[in-house]
Amino acid sequence: MIIKTLVENTALSSYYDCQHGLSFYVETSNHKILVDLGQNDMFYENAKKLDVSVEDVDTVIITHGHYDHGGGLGAFFDHNDHAKVYIHKLAFGDYYSTAGKRMHYIGLDQHLRHHPQCILVENDFKIDDELMLFTNVLERNYSAESNRALKLLRDGKYEDDLFLHEQNLIIKEGGHNVLFSGCAHCGIINILARAEKILGCEVDAVFAGFHLSNPKTGKTEDLATVDAIGRLLKQKKTHYFTGHCTGQIPFDILKGMMKEQVSYISTGSCAII
């Protein structure tokens, strides 16, 4: 399994463009997959630099309904007319953030909800023997304090976003189980526990933002929480590839605790599982 980072907040060099967002290209024996698409068409430009043909992609997974993960959806449709796009049926909701100076919309282009390539899913959803989506992560242990700034507008009122639109992907190939989770708003510890319950074993690798910092304010989650998460993650055999909303300070703490068990996923990076 080959995983290339097409979009992340940072880049390996100036050769690649970067932005606040996330997008992975994943190639398996049976699939060519995009997990998230960043804010716009940057995933496409970086894909060309990484010898990835977006036109050949057969499957797209949008992990949740925020612009920095699904904002490139329209651009994807401009370049690919056949891939199936799996997105939670609630991902086209009215999502807002109070972070910064004013309430602002952070959702997707709602006109794309009815695009013929979109497959709206809910609950657990098995695509095939290699790919499985799951949601319904109900526990909220060690979830991010900054989640409180994220809202759902419903019936004219702003409610706390419960992240029912968040879905996660398990890829099973060659005896390996790899978990992809965009921002892990439901908490990486809880998501990982659900994946392990589904699989009946530990996950070999995780690719995800851990949402341990607020991108608008730059505020880091409570360091005791970061430390507790690191101690729990370290107990497993899993290798973690993280970035985006994890934040540099939390990553440095995790790296100090977990050493080679955790890696940063800047734009342009490549991993082989």
# chains A, B, ... in the order shown; residues from 1 in each chain; ligands from 1
call {"tool": "select_by_dssp", "arguments": {"residues": "range 25-271 of chain A", "states": "strand (DSSP E or B)", "output": "VMD selection string"}}
result
chain A and resid 25 to 27 32 to 35 59 to 62 84 to 88 95 to 97 104 to 105 118 to 121 125 to 126 131 to 134 150 to 154 157 to 160 168 to 173 176 to 181 205 to 208 213 220 239 to 242 262 to 264 267 270 to 271
call {"tool": "residues_around", "arguments": {"residues": "Val137 in chain A", "least_positions_apart": "5", "cutoff": "10 Å", "atoms": "only C-alpha atoms", "output": "compact mmCIF listing (two decimals) with N, CA and C atoms, in the first residue's frame"}}
result
# COMPACT_ATOMS: atom_id res chain seq x y z
N ASN A 123 -23.95 5.20 8.94
CA ASN A 123 -23.59 4.03 9.74
C ASN A 123 -22.36 3.34 9.14
N PHE A 163 -20.66 15.82 15.38
CA PHE A 163 -19.81 15.13 14.40
C PHE A 163 -20.40 13.79 13.96
N LEU A 164 -21.72 13.79 13.81
CA LEU A 164 -22.38 12.61 13.27
C LEU A 164 -22.06 12.45 11.79
N GLU A 166 -19.02 12.60 10.61
CA GLU A 166 -17.64 12.12 10.49
C GLU A 166 -17.62 10.62 10.24
N GLN A 167 -16.86 10.21 9.23
CA GLN A 167 -16.69 8.78 8.97
C GLN A 167 -15.21 8.46 8.81
N ASN A 168 -14.88 7.21 9.04
CA ASN A 168 -13.50 6.76 9.04
C ASN A 168 -13.36 5.57 8.10
N HIS A 185 -12.40 14.25 15.02
CA HIS A 185 -13.18 15.11 15.92
C HIS A 185 -13.80 14.30 17.06
N CYS A 186 -14.12 13.05 16.82
CA CYS A 186 -14.70 12.20 17.86
C CYS A 186 -13.64 11.68 18.83
N GLY A 187 -12.39 12.04 18.61
CA GLY A 187 -11.31 11.63 19.50
C GLY A 187 -10.57 10.42 18.94
N ASN A 190 -11.01 7.15 20.81
CA ASN A 190 -12.32 6.52 20.63
C ASN A 190 -12.45 5.89 19.24
N ILE A 191 -11.96 6.59 18.23
CA ILE A 191 -12.02 6.08 16.86
C ILE A 191 -11.18 4.82 16.72
N LEU A 192 -10.00 4.85 17.31
CA LEU A 192 -9.12 3.70 17.25
C LEU A 192 -9.74 2.50 17.97
N ALA A 193 -10.39 2.75 19.10
CA ALA A 193 -11.05 1.67 19.84
C ALA A 193 -12.16 1.04 19.00
N ARG A 194 -12.92 1.88 18.30
CA ARG A 194 -14.01 1.34 17.45
C ARG A 194 -13.43 0.53 16.31
N ALA A 195 -12.34 1.01 15.70
CA ALA A 195 -11.71 0.26 14.61
C ALA A 195 -11.22 -1.10 15.09
call {"tool": "residues_around", "arguments": {"residues": "Glu45 in chain A", "least_positions_apart": "2", "cutoff": "10 Å", "atoms": "only C-alpha atoms", "output": "PyMOL selection string"}}
result
chain A and resi 6-7+16-17+41-43+47-50+52+54
call {"tool": "write_last_selection", "arguments": {"atoms": "N, CA and C atoms", "output": "PDB file, in the first residue's frame"}}
result
ATOM      1  N   LEU A   6      -1.028  14.613  -0.447  1.00  0.00           N
ATOM      2  CA  LEU A   6      -1.214  15.626  -1.487  1.00  0.00           C
ATOM      3  C   LEU A   6      -1.430  17.019  -0.912  1.00  0.00           C
ATOM      4  N   VAL A   7      -2.045  17.091   0.260  1.00  0.00           N
ATOM      5  CA  VAL A   7      -2.295  18.384   0.909  1.00  0.00           C
ATOM      6  C   VAL A   7      -2.145  18.229   2.416  1.00  0.00           C
ATOM      7  N   TYR A  16       6.297  21.883  -3.450  1.00  0.00           N
ATOM      8  CA  TYR A  16       4.883  21.574  -3.229  1.00  0.00           C
ATOM      9  C   TYR A  16       4.164  22.767  -2.617  1.00  0.00           C
ATOM     10  N   ASP A  17       2.907  22.939  -3.019  1.00  0.00           N
ATOM     11  CA  ASP A  17       2.050  23.934  -2.378  1.00  0.00           C
ATOM     12  C   ASP A  17       1.441  23.323  -1.114  1.00  0.00           C
ATOM     13  N   ASP A  41      -8.350  23.103  -5.594  1.00  0.00           N
ATOM     14  CA  ASP A  41      -7.697  22.212  -6.547  1.00  0.00           C
ATOM     15  C   ASP A  41      -6.226  21.960  -6.243  1.00  0.00           C
ATOM     16  N   MET A  42      -5.730  22.364  -5.084  1.00  0.00           N
ATOM     17  CA  MET A  42      -4.327  22.150  -4.753  1.00  0.00           C
ATOM     18  C   MET A  42      -3.958  20.664  -4.764  1.00  0.00           C
ATOM     19  N   PHE A  43      -4.886  19.805  -4.343  1.00  0.00           N
ATOM     20  CA  PHE A  43      -4.619  18.362  -4.366  1.00  0.00           C
ATOM     21  C   PHE A  43      -4.241  17.912  -5.774  1.00  0.00           C
ATOM     22  N   ALA A  47      -0.735  16.457  -6.935  1.00  0.00           N
ATOM     23  CA  ALA A  47      -0.803  15.082  -7.443  1.00  0.00           C
ATOM     24  C   ALA A  47       0.078  14.930  -8.679  1.00  0.00           C
ATOM     25  N   LYS A  48       0.031  15.912  -9.574  1.00  0.00           N
ATOM     26  CA  LYS A  48       0.863  15.845 -10.774  1.00  0.00           C
ATOM     27  C   LYS A  48       2.342  15.825 -10.405  1.00  0.00           C
ATOM     28  N   LYS A  49       2.727  16.580  -9.396  1.00  0.00           N
ATOM     29  CA  LYS A  49       4.124  16.619  -8.963  1.00  0.00           C
ATOM     30  C   LYS A  49       4.556  15.312  -8.323  1.00  0.00           C
ATOM     31  N   LEU A  50       3.593  14.545  -7.813  1.00  0.00           N
ATOM     32  CA  LEU A  50       3.882  13.274  -7.153  1.00  0.00           C
ATOM     33  C   LEU A  50       3.566  12.071  -8.051  1.00  0.00           C
ATOM     34  N   VAL A  52       0.865  11.226  -9.580  1.00  0.00           N
ATOM     35  CA  VAL A  52      -0.442  10.635  -9.311  1.00  0.00           C
ATOM     36  C   VAL A  52      -1.423  11.135 -10.364  1.00  0.00           C
ATOM     37  N   VAL A  54      -5.009  11.808 -11.100  1.00  0.00           N
ATOM     38  CA  VAL A  54      -6.335  11.952 -10.501  1.00  0.00           C
ATOM     39  C   VAL A  54      -7.403  11.361 -11.423  1.00  0.00           C
TER      40      VAL A  54
END
call {"tool": "closest_residue", "arguments": {"among": "A:Thr10, A:Ser146, A:Ser263, A:Thr242", "to": "Thr217 in chain A", "atoms": "only C-alpha atoms"}}
result
A:Ser146
call {"tool": "atom_distance", "arguments": {"atom1": "CA of Ile188 in chain A", "atom2": "CA of Val57 in chain A"}}
result
27.4 Å
call {"tool": "residues_around", "arguments": {"residues": "range 267-273 of chain A", "least_positions_apart": "3", "cutoff": "6 Å", "atoms": "only C-alpha atoms", "output": "VMD selection string"}}
result
chain A and resid 1 to 8 11 to 12
call {"tool": "residues_around", "arguments": {"residues": "His244 in chain A", "least_positions_apart": "2", "cutoff": "7 Å", "atoms": "only C-alpha atoms", "output": "PDB file with all heavy atoms, in the first residue's frame"}}
result
ATOM      1  N   GLU A   8      -1.393  19.130   2.995  1.00  0.00           N
ATOM      2  CA  GLU A   8      -1.275  19.253   4.454  1.00  0.00           C
ATOM      3  C   GLU A   8      -0.838  20.670   4.730  1.00  0.00           C
ATOM      4  O   GLU A   8      -0.459  21.410   3.813  1.00  0.00           O
ATOM      5  CB  GLU A   8      -0.279  18.222   4.999  1.00  0.00           C
ATOM      6  CG  GLU A   8      -0.402  17.958   6.505  1.00  0.00           C
ATOM      7  CD  GLU A   8       0.527  18.835   7.351  1.00  0.00           C
ATOM      8  OE1 GLU A   8       1.554  19.314   6.821  1.00  0.00           O
ATOM      9  OE2 GLU A   8       0.227  19.023   8.542  1.00  0.00           O
ATOM     10  N   ASN A   9      -0.868  21.092   5.964  1.00  0.00           N
ATOM     11  CA  ASN A   9      -0.553  22.485   6.314  1.00  0.00           C
ATOM     12  C   ASN A   9       0.873  22.886   5.973  1.00  0.00           C
ATOM     13  O   ASN A   9       1.170  24.059   5.800  1.00  0.00           O
ATOM     14  CB  ASN A   9      -0.769  22.700   7.819  1.00  0.00           C
ATOM     15  CG  ASN A   9      -2.176  22.392   8.263  1.00  0.00           C
ATOM     16  OD1 ASN A   9      -2.851  21.544   7.687  1.00  0.00           O
ATOM     17  ND2 ASN A   9      -2.630  23.047   9.307  1.00  0.00           N
ATOM     18  N   HIS A  20      -3.978  24.920   4.859  1.00  0.00           N
ATOM     19  CA  HIS A  20      -4.683  24.267   5.958  1.00  0.00           C
ATOM     20  C   HIS A  20      -5.695  23.308   5.356  1.00  0.00           C
ATOM     21  O   HIS A  20      -6.728  23.710   4.816  1.00  0.00           O
ATOM     22  CB  HIS A  20      -5.387  25.298   6.840  1.00  0.00           C
ATOM     23  CG  HIS A  20      -6.214  24.666   7.918  1.00  0.00           C
ATOM     24  ND1 HIS A  20      -5.668  24.082   9.030  1.00  0.00           N
ATOM     25  CD2 HIS A  20      -7.562  24.499   8.025  1.00  0.00           C
ATOM     26  CE1 HIS A  20      -6.624  23.589   9.788  1.00  0.00           C
ATOM     27  NE2 HIS A  20      -7.782  23.825   9.200  1.00  0.00           N
ATOM     28  N   GLY A  21      -5.393  22.034   5.420  1.00  0.00           N
ATOM     29  CA  GLY A  21      -6.268  21.031   4.836  1.00  0.00           C
ATOM     30  C   GLY A  21      -5.575  19.690   4.818  1.00  0.00           C
ATOM     31  O   GLY A  21      -4.452  19.542   5.310  1.00  0.00           O
ATOM     32  N   LEU A  22      -6.250  18.712   4.235  1.00  0.00           N
ATOM     33  CA  LEU A  22      -5.696  17.368   4.209  1.00  0.00           C
ATOM     34  C   LEU A  22      -6.206  16.618   2.984  1.00  0.00           C
ATOM     35  O   LEU A  22      -7.382  16.736   2.613  1.00  0.00           O
ATOM     36  CB  LEU A  22      -6.097  16.607   5.478  1.00  0.00           C
ATOM     37  CG  LEU A  22      -5.259  15.389   5.874  1.00  0.00           C
ATOM     38  CD1 LEU A  22      -3.801  15.776   6.100  1.00  0.00           C
ATOM     39  CD2 LEU A  22      -5.821  14.745   7.140  1.00  0.00           C
ATOM     40  N   GLY A 209      -5.337  13.551  11.280  1.00  0.00           N
ATOM     41  CA  GLY A 209      -5.102  14.658  12.190  1.00  0.00           C
ATOM     42  C   GLY A 209      -5.715  14.293  13.530  1.00  0.00           C
ATOM     43  O   GLY A 209      -6.746  13.618  13.577  1.00  0.00           O
ATOM     44  N   THR A 246      -3.283  18.401  14.235  1.00  0.00           N
ATOM     45  CA  THR A 246      -2.598  17.934  15.435  1.00  0.00           C
ATOM     46  C   THR A 246      -1.852  19.086  16.102  1.00  0.00           C
ATOM     47  O   THR A 246      -1.885  19.232  17.327  1.00  0.00           O
ATOM     48  CB  THR A 246      -1.620  16.797  15.098  1.00  0.00           C
ATOM     49  OG1 THR A 246      -2.371  15.700  14.569  1.00  0.00           O
ATOM     50  CG2 THR A 246      -0.845  16.337  16.328  1.00  0.00           C
ATOM     51  N   GLY A 247      -1.205  19.917  15.301  1.00  0.00           N
ATOM     52  CA  GLY A 247      -0.464  21.059  15.829  1.00  0.00           C
ATOM     53  C   GLY A 247       0.980  20.694  16.139  1.00  0.00           C
ATOM     54  O   GLY A 247       1.283  19.569  16.526  1.00  0.00           O
TER      55      GLY A 247
END
call {"tool": "closest_atom_pairs", "arguments": {"of": "range 126-218 of chain A", "to": "range 99-112 of chain A", "cutoff": "12 Å", "atoms": "only C-alpha atoms", "output": "tab-separated table"}}
result
residue	atom	partner	partner_atom	distance
A:Ser146	CA	A:Ala99	CA	8.6
A:Asn147	CA	A:Ala99	CA	9.9
A:Arg148	CA	A:Ala99	CA	9.4
A:Ala149	CA	A:Ala99	CA	5.8
A:Leu150	CA	A:Ala99	CA	7.9
A:Lys151	CA	A:Met103	CA	9.3
A:Leu152	CA	A:Gly107	CA	9.5
A:Leu153	CA	A:Tyr105	CA	9.6
A:Tyr158	CA	A:Met103	CA	10.1
A:Asp161	CA	A:Gly107	CA	11.9
A:His165	CA	A:Gly107	CA	11.2
A:Ser213	CA	A:Ala99	CA	11.8
A:Asn214	CA	A:Ala99	CA	8.1
A:Pro215	CA	A:Ala99	CA	8.6
A:Lys216	CA	A:Gly100	CA	5.8
A:Thr217	CA	A:Gly100	CA	6.5
A:Gly218	CA	A:Ala99	CA	10.1
call {"tool": "closest_residue", "arguments": {"among": "A:Cys245, A:Cys201, A:Ala228, A:Ile87", "to": "Gly175 in chain A", "atoms": "only C-alpha atoms"}}
result
A:Cys201
call {"tool": "closest_residue", "arguments": {"among": "A:Glu139, A:Glu27, A:Asp78, A:Glu221", "to": "Glu55 in chain A", "atoms": "only C-alpha atoms"}}
result
A:Asp78
call {"tool": "atom_distance", "arguments": {"atom1": "CA of Arg113 in chain A", "atom2": "CA of His31 in chain A"}}
result
23.7 Å
